[in-house]
There are 2 protein chains.
Amino acid sequence: MSQFDLQAQSEELKELVQKKDVVALKRIFGELHSADIAEILEQLFEFEVEEKSFLFSLLDAETASEVIMDLEGSDLDDIVANISPIRITNIVSELESDEAADLVSELDEEVADKVLELVSDDVSSEIKELLTYKEDTAGSLMALEIVKVTENQTIGEAIKELRKISQEEDIDDFYNIFVVDKKNKLVGHISLQELVLSKRSTLIKDAMTEPIAWVETSVDQEEVAQIAQKYDLVSIPVVDSQKCLVGRITHDDLADVIAEEAAEDISRLTGSDSDEIYEKSSLATSRLRLPWLLIGLVGEIFSAIVLSNFISSLEKVVALTFFMPVIMAMAGNCGIQASSVIIRGVATGEFSTTNLKRQFLKEIRVGLINGVICGSIIVGVIWVWFGLDLGIVVGASLAAVMIMASFFGALIPITLKKFDVDPAVATGPFITTSNDIFGLFLYLAFATFFIQTLGIS
Amino acid sequence: MSQFDLQAQSEELKELVQKKDVVALKRIFGELHSADIAEILEQLFEFEVEEKSFLFSLLDAETASEVIMDLEGSDLDDIVANISPIRITNIVSELESDEAADLVSELDEEVADKVLELVSDDVSSEIKELLTYKEDTAGSLMALEIVKVTENQTIGEAIKELRKISQEEDIDDFYNIFVVDKKNKLVGHISLQELVLSKRSTLIKDAMTEPIAWVETSVDQEEVAQIAQKYDLVSIPVVDSQKCLVGRITHDDLADVIAEEAAEDISRLTGSDSDEIYEKSSLATSRLRLPWLLIGLVGEIFSAIVLSNFISSLEKVVALTFFMPVIMAMAGNCGIQASSVIIRGVATGEFSTTNLKRQFLKEIRVGLINGVICGSIIVGVIWVWFGLDLGIVVGASLAAVMIMASFFGALIPITLKKFDVDPAVATGPFITTSNDIFGLFLYLAFATFFIQTLGIS
């Protein structure tokens, strides 16, 4: 819970905006957290660009900078498109370096150049440095505002240093003070808690802890989040290739990464797109989903070709047609179960190269067990309906298809992982479609063989 | 990165365990983080219960308590089954209250009772209190070890208090000091940073910030994580119905919740189970997945029944059969795209009741656009292959089926949300199977109508 409830206040807010009651709105905004103001813009004035811009114009530069970092997708675009380069410059100056770089990267090139010209040289060079790192790496995620002390200082000196830094630089929250040696190499950290509780005359190097974990700037953000989660870190230091301290990534950014990577895996498994959750336009959403639908469509046209080649079997035993949906759906379900577990396990770090082979063998065993159970059930159903012969053909096919689907469902993401490709690219629609095609082929080939050799009809 | 690389040291470790070289192993473990030791047990000695137990027996109570909290699923079961109640009691005494309660809840009832008898009365009553809260609520997630001060103390007094608490209670990390009034009601918080930087004579109430957010004990953990993520909180205070402070939840637990809830959504969308990632046995995994496969199987048997009722159309125009996979797969894909976006959006708090209706209308528009595009493509393909008449029948059906699938894919999770049920229960296999059935029905009904009225063949 927080003090603010959007639904309860929505009528009042809408009315005040209609009346353009600047005084009342400024008073309300003055009492709200930036995240609540962002929620008002996003959810209450979703499609009303003019109202959004009007409300945003009421905010002072500091609040505006916090609100703008809470906006995403088309809401952010709407706001950015409607404010002057000078106001953006003021906002950028208020932001921490990582957020400033994020915002600048969202701007049109022309506006971005203008803003980089207008901000102070310090800010501009920090932003330019951060923009050189590849997207989704530790470098692109880190903030340059770090609080560091050298190992030979005392606790008292460190606190004095801290006072100075926090007055000058306006660092919002820091949890660990990083300790470096003379060459700026990371040698340890000291928590604020230890700083508060230790004697002021203690040397830092006697109070500090050796670093538990750190990441180089080039490390993928998913791995950064895995490391932080494994060691329960509230912030993680970022170093260059010489292990010199260059930045830090804090818990809130890491939580966003965990949520973002999970959303990406879900989107890929279902052929949607993780960005579309923030997308308000139907046309843009259609465009994001269409590629996966088209891959599915092309794949299924191959199913049609497979089917047309088995036309004589289908004509001879019409009931074979009735069980095509069973085969297709079960192949798809098995394949996506196997692949989703592996994709998720790799993403969370639960499966590493040391235990992927075991996992693969396990998936095949699981496919075997479930295939035999489902196959037996369908034998029973068809026995009653059409007779035992057809039952055995369909049941055996179903078991075979389910084992095959588990095999491919596990093999594809594991192979991708071996070649260091994110297994989430083995998207669900791709796996289900290929299982549809191979499943149908296996089913009809199987059935044709039985019909020809055993004379089932 | 951290100091430890499992793959590099796996041979040496395996050898030391084989030789039972206690001295060398204790030395190595002494240098490792508990999370690394847990990784060794989980990944290197996955199926070797005896080796796992031997290694675990080498740990002192404090390290053992940290390691055991990093274990999950069958690894945890294996260890717990092999240690004495006295050792578990020592471990439980080392843990923070929330972890102690988690561990006790994993024990057999008999062992749990024994442990609760053996630990100190304080610990035992804390654990019993925590165990009364419902699973997956703020109450079950919180730790009772909080650092709180009253508003009329000075910063200096607060620091003295802090020293005392942290010596007595061994609280590992705290980030915010909570401020309460005389009646223990939450009135604010003060960060360690402010504590370090403020003058010692300042009154807490002049230095503190009003609470940004708090949760009652009964709030669902998914909502807790949403609130913390929205306001970028490093820890969130938990209060009872009188707003009296009872506990706190920290960033590392919140990160676990975000990951856990996402894993649950993925599992439900694909018919696997979020626990199975930690499950080593094939049989247990089969059992977790089988219910979803059986639901699919029963559903697809209905498809077979639908098909058997349209046998005369299928016999008249055999080519209709060829495009059944296209219809089924595209219905499944559209439905899962629409539902997964809504399930994810609700889970992250992006979609609330204020904008779900708009999202629903958007999903139908998206289905319409993509349905018309895919339908047109299939018309072209079939025109070349079989002629325009059949092309129009299949194309029009495909478009209709895709719109229908988007409609149901969005409607089901939105309806569940309206009735305050987690939309993730509208599992993928359920949505895809029902779309398969309705899709096939719509296709064949459509085609039959055209064949009968227009005489297509």
# chains A, B, ... in the order shown; residues from 1 in each chain; ligands from 1
>>> residues_around(residues="Ile236 of chain A", least_positions_apart="2", cutoff="9 Å", atoms="only C-alpha atoms", output="NGL selection string")
:A and (176 or 213-215 or 224 or 227-228 or 233-234 or 238 or 247-251)
>>> residues_around(residues="segment 418-431 of chain A", least_positions_apart="3", cutoff="7 Å", atoms="only C-alpha atoms", output="list in words")
Asp265, Arg268, Leu269, Thr270, Gly271, Trp292, Gly296, Gly335, Ile336, Ile343, Gly409, Ile412, Pro413, Ile414, Thr415, Ser434 and Asn435 of chain A
>>> atom_distance(atom1="atom CA of Leu254 of chain A", atom2="atom CA of Ala225 of chain A")
5.5 Å
>>> closest_residue(among="B:Ile364, B:Ala396, B:Leu444, B:Ala158", to="Val379 of chain B", atoms="only C-alpha atoms")
B:Ala396
>>> atom_distance(atom1="atom CA of Thr137 of chain A", atom2="atom CA of Thr217 of chain A")
6.6 Å
>>> atom_distance(atom1="atom CA of Ser201 of chain B", atom2="atom CA of Ile155 of chain B")
6.1 Å
>>> residues_around(residues="segment 118-122 of chain A", least_positions_apart="5", cutoff="12 Å", atoms="only C-alpha atoms", output="JSON, numbers by chain")
{"A": [85, 86, 87, 88, 89, 90, 91, 92, 93, 94, 95, 97, 100, 104, 111, 112, 113, 127, 128, 129, 144, 169]}
>>> closest_residue(among="A:Met69, A:Leu314, A:Ile266, A:Leu442", to="chain B", atoms="only C-alpha atoms")
A:Ile266
>>> closest_residue(among="B:Asp78, B:Leu71, B:Asp60, B:Asp102", to="Glu48 of chain B", atoms="only C-alpha atoms")
B:Asp78
>>> closest_residue(among="A:Ile159, A:Asp75, A:Ile451, A:Val49", to="Ser313 of chain A", atoms="only C-alpha atoms")
A:Ile451
>>> decode(residues="segment 264-373 of chain B", atoms="C-alpha atoms", output="CSV table (one decimal), in the first residue's frame")
chain,number,residue,atom,x,y,z
B,264,GLU,CA,5.1,-19.6,-12.5
B,265,ASP,CA,3.6,-17.7,-15.3
B,266,ILE,CA,5.9,-19.4,-17.9
B,267,SER,CA,5.1,-22.8,-16.4
B,268,ARG,CA,1.4,-22.2,-16.5
B,269,LEU,CA,1.5,-20.9,-20.1
B,270,THR,CA,3.4,-24.0,-21.2
B,271,GLY,CA,1.8,-26.6,-19.0
B,272,SER,CA,5.0,-27.4,-17.1
B,273,ASP,CA,5.4,-26.7,-13.4
B,274,SER,CA,7.6,-24.0,-11.8
B,275,ASP,CA,8.9,-26.4,-9.1
B,276,GLU,CA,10.2,-29.0,-11.6
B,277,ILE,CA,13.2,-26.9,-12.4
B,278,TYR,CA,14.6,-28.1,-9.0
B,279,GLU,CA,13.2,-31.7,-9.5
B,280,LYS,CA,15.8,-34.3,-10.4
B,281,SER,CA,13.5,-37.3,-10.8
B,282,SER,CA,12.0,-38.1,-14.2
B,283,LEU,CA,9.0,-39.8,-12.6
B,284,ALA,CA,8.2,-36.8,-10.4
B,285,THR,CA,8.6,-34.5,-13.3
B,286,SER,CA,6.2,-36.6,-15.4
B,287,ARG,CA,3.7,-36.5,-12.7
B,288,LEU,CA,3.9,-32.6,-12.6
B,289,ARG,CA,3.4,-32.3,-16.3
B,290,LEU,CA,0.9,-35.0,-16.9
B,291,PRO,CA,-2.3,-33.2,-15.7
B,292,TRP,CA,-1.8,-30.6,-18.4
B,293,LEU,CA,-1.2,-33.2,-21.0
B,294,LEU,CA,-4.3,-35.1,-20.0
B,295,ILE,CA,-6.4,-31.9,-20.2
B,296,GLY,CA,-5.0,-31.4,-23.7
B,297,LEU,CA,-5.7,-35.0,-24.6
B,298,VAL,CA,-9.3,-34.9,-23.5
B,299,GLY,CA,-9.8,-31.6,-25.3
B,300,GLU,CA,-8.4,-33.0,-28.5
B,301,ILE,CA,-10.6,-36.0,-28.3
B,302,PHE,CA,-13.4,-33.5,-28.7
B,303,SER,CA,-11.7,-32.2,-31.8
B,304,ALA,CA,-11.9,-35.8,-33.1
B,305,ILE,CA,-15.6,-35.8,-32.4
B,306,VAL,CA,-16.1,-32.4,-34.1
B,307,LEU,CA,-14.2,-33.8,-37.1
B,308,SER,CA,-16.2,-37.0,-37.3
B,309,ASN,CA,-19.4,-34.9,-37.6
B,310,PHE,CA,-18.1,-33.1,-40.7
B,311,ILE,CA,-17.0,-36.2,-42.4
B,312,SER,CA,-19.2,-35.7,-45.5
B,313,SER,CA,-17.6,-32.3,-46.2
B,314,LEU,CA,-14.1,-33.7,-45.7
B,315,GLU,CA,-14.9,-36.5,-48.1
B,316,LYS,CA,-16.4,-34.2,-50.7
B,317,VAL,CA,-13.5,-31.7,-50.6
B,318,VAL,CA,-10.4,-33.7,-49.5
B,319,ALA,CA,-8.2,-30.6,-49.7
B,320,LEU,CA,-10.1,-29.2,-46.7
B,321,THR,CA,-8.2,-31.7,-44.6
B,322,PHE,CA,-4.8,-30.3,-45.7
B,323,PHE,CA,-5.5,-27.0,-44.2
B,324,MET,CA,-6.7,-28.2,-40.8
B,325,PRO,CA,-3.2,-27.9,-39.3
B,326,VAL,CA,-3.0,-24.3,-40.5
B,327,ILE,CA,-6.3,-23.4,-38.8
B,328,MET,CA,-5.5,-25.2,-35.6
B,329,ALA,CA,-1.9,-23.9,-35.2
B,330,MET,CA,-2.8,-20.3,-36.0
B,331,ALA,CA,-5.8,-20.3,-33.6
B,332,GLY,CA,-3.4,-21.6,-30.9
B,333,ASN,CA,-0.7,-19.0,-31.7
B,334,CYS,CA,-3.1,-16.1,-31.7
B,335,GLY,CA,-4.8,-17.1,-28.5
B,336,ILE,CA,-1.6,-17.7,-26.6
B,337,GLN,CA,-0.1,-14.3,-27.8
B,338,ALA,CA,-3.1,-12.4,-26.6
B,339,SER,CA,-3.4,-14.3,-23.3
B,340,SER,CA,0.4,-14.2,-22.4
B,341,VAL,CA,0.6,-10.4,-22.9
B,342,ILE,CA,-2.4,-9.9,-20.6
B,343,ILE,CA,-1.1,-12.4,-18.0
B,344,ARG,CA,2.3,-10.8,-17.9
B,345,GLY,CA,0.8,-7.3,-17.9
B,346,VAL,CA,-1.4,-8.1,-14.9
B,347,ALA,CA,1.5,-9.8,-13.1
B,348,THR,CA,3.8,-6.7,-13.5
B,349,GLY,CA,1.0,-4.3,-12.6
B,350,GLU,CA,1.2,-2.7,-16.0
B,351,PHE,CA,-2.5,-3.6,-16.7
B,352,SER,CA,-4.9,-2.7,-13.9
B,353,THR,CA,-8.7,-2.7,-13.9
B,354,THR,CA,-8.6,0.9,-15.2
B,355,ASN,CA,-7.1,-0.1,-18.6
B,356,LEU,CA,-8.0,-3.7,-19.1
B,357,LYS,CA,-11.1,-2.9,-21.2
B,358,ARG,CA,-9.0,-0.9,-23.6
B,359,GLN,CA,-6.5,-3.7,-23.7
B,360,PHE,CA,-9.3,-6.1,-24.6
B,361,LEU,CA,-10.5,-4.0,-27.5
B,362,LYS,CA,-6.9,-3.6,-28.6
B,363,GLU,CA,-6.4,-7.4,-28.7
B,364,ILE,CA,-9.5,-7.8,-31.0
B,365,ARG,CA,-8.1,-5.1,-33.3
B,366,VAL,CA,-4.7,-6.8,-33.4
B,367,GLY,CA,-6.4,-10.2,-34.2
B,368,LEU,CA,-8.4,-8.5,-37.0
B,369,ILE,CA,-5.3,-7.0,-38.6
B,370,ASN,CA,-3.2,-10.1,-38.3
B,371,GLY,CA,-6.1,-12.4,-39.3
B,372,VAL,CA,-6.8,-10.4,-42.5
B,373,ILE,CA,-3.1,-10.4,-43.4
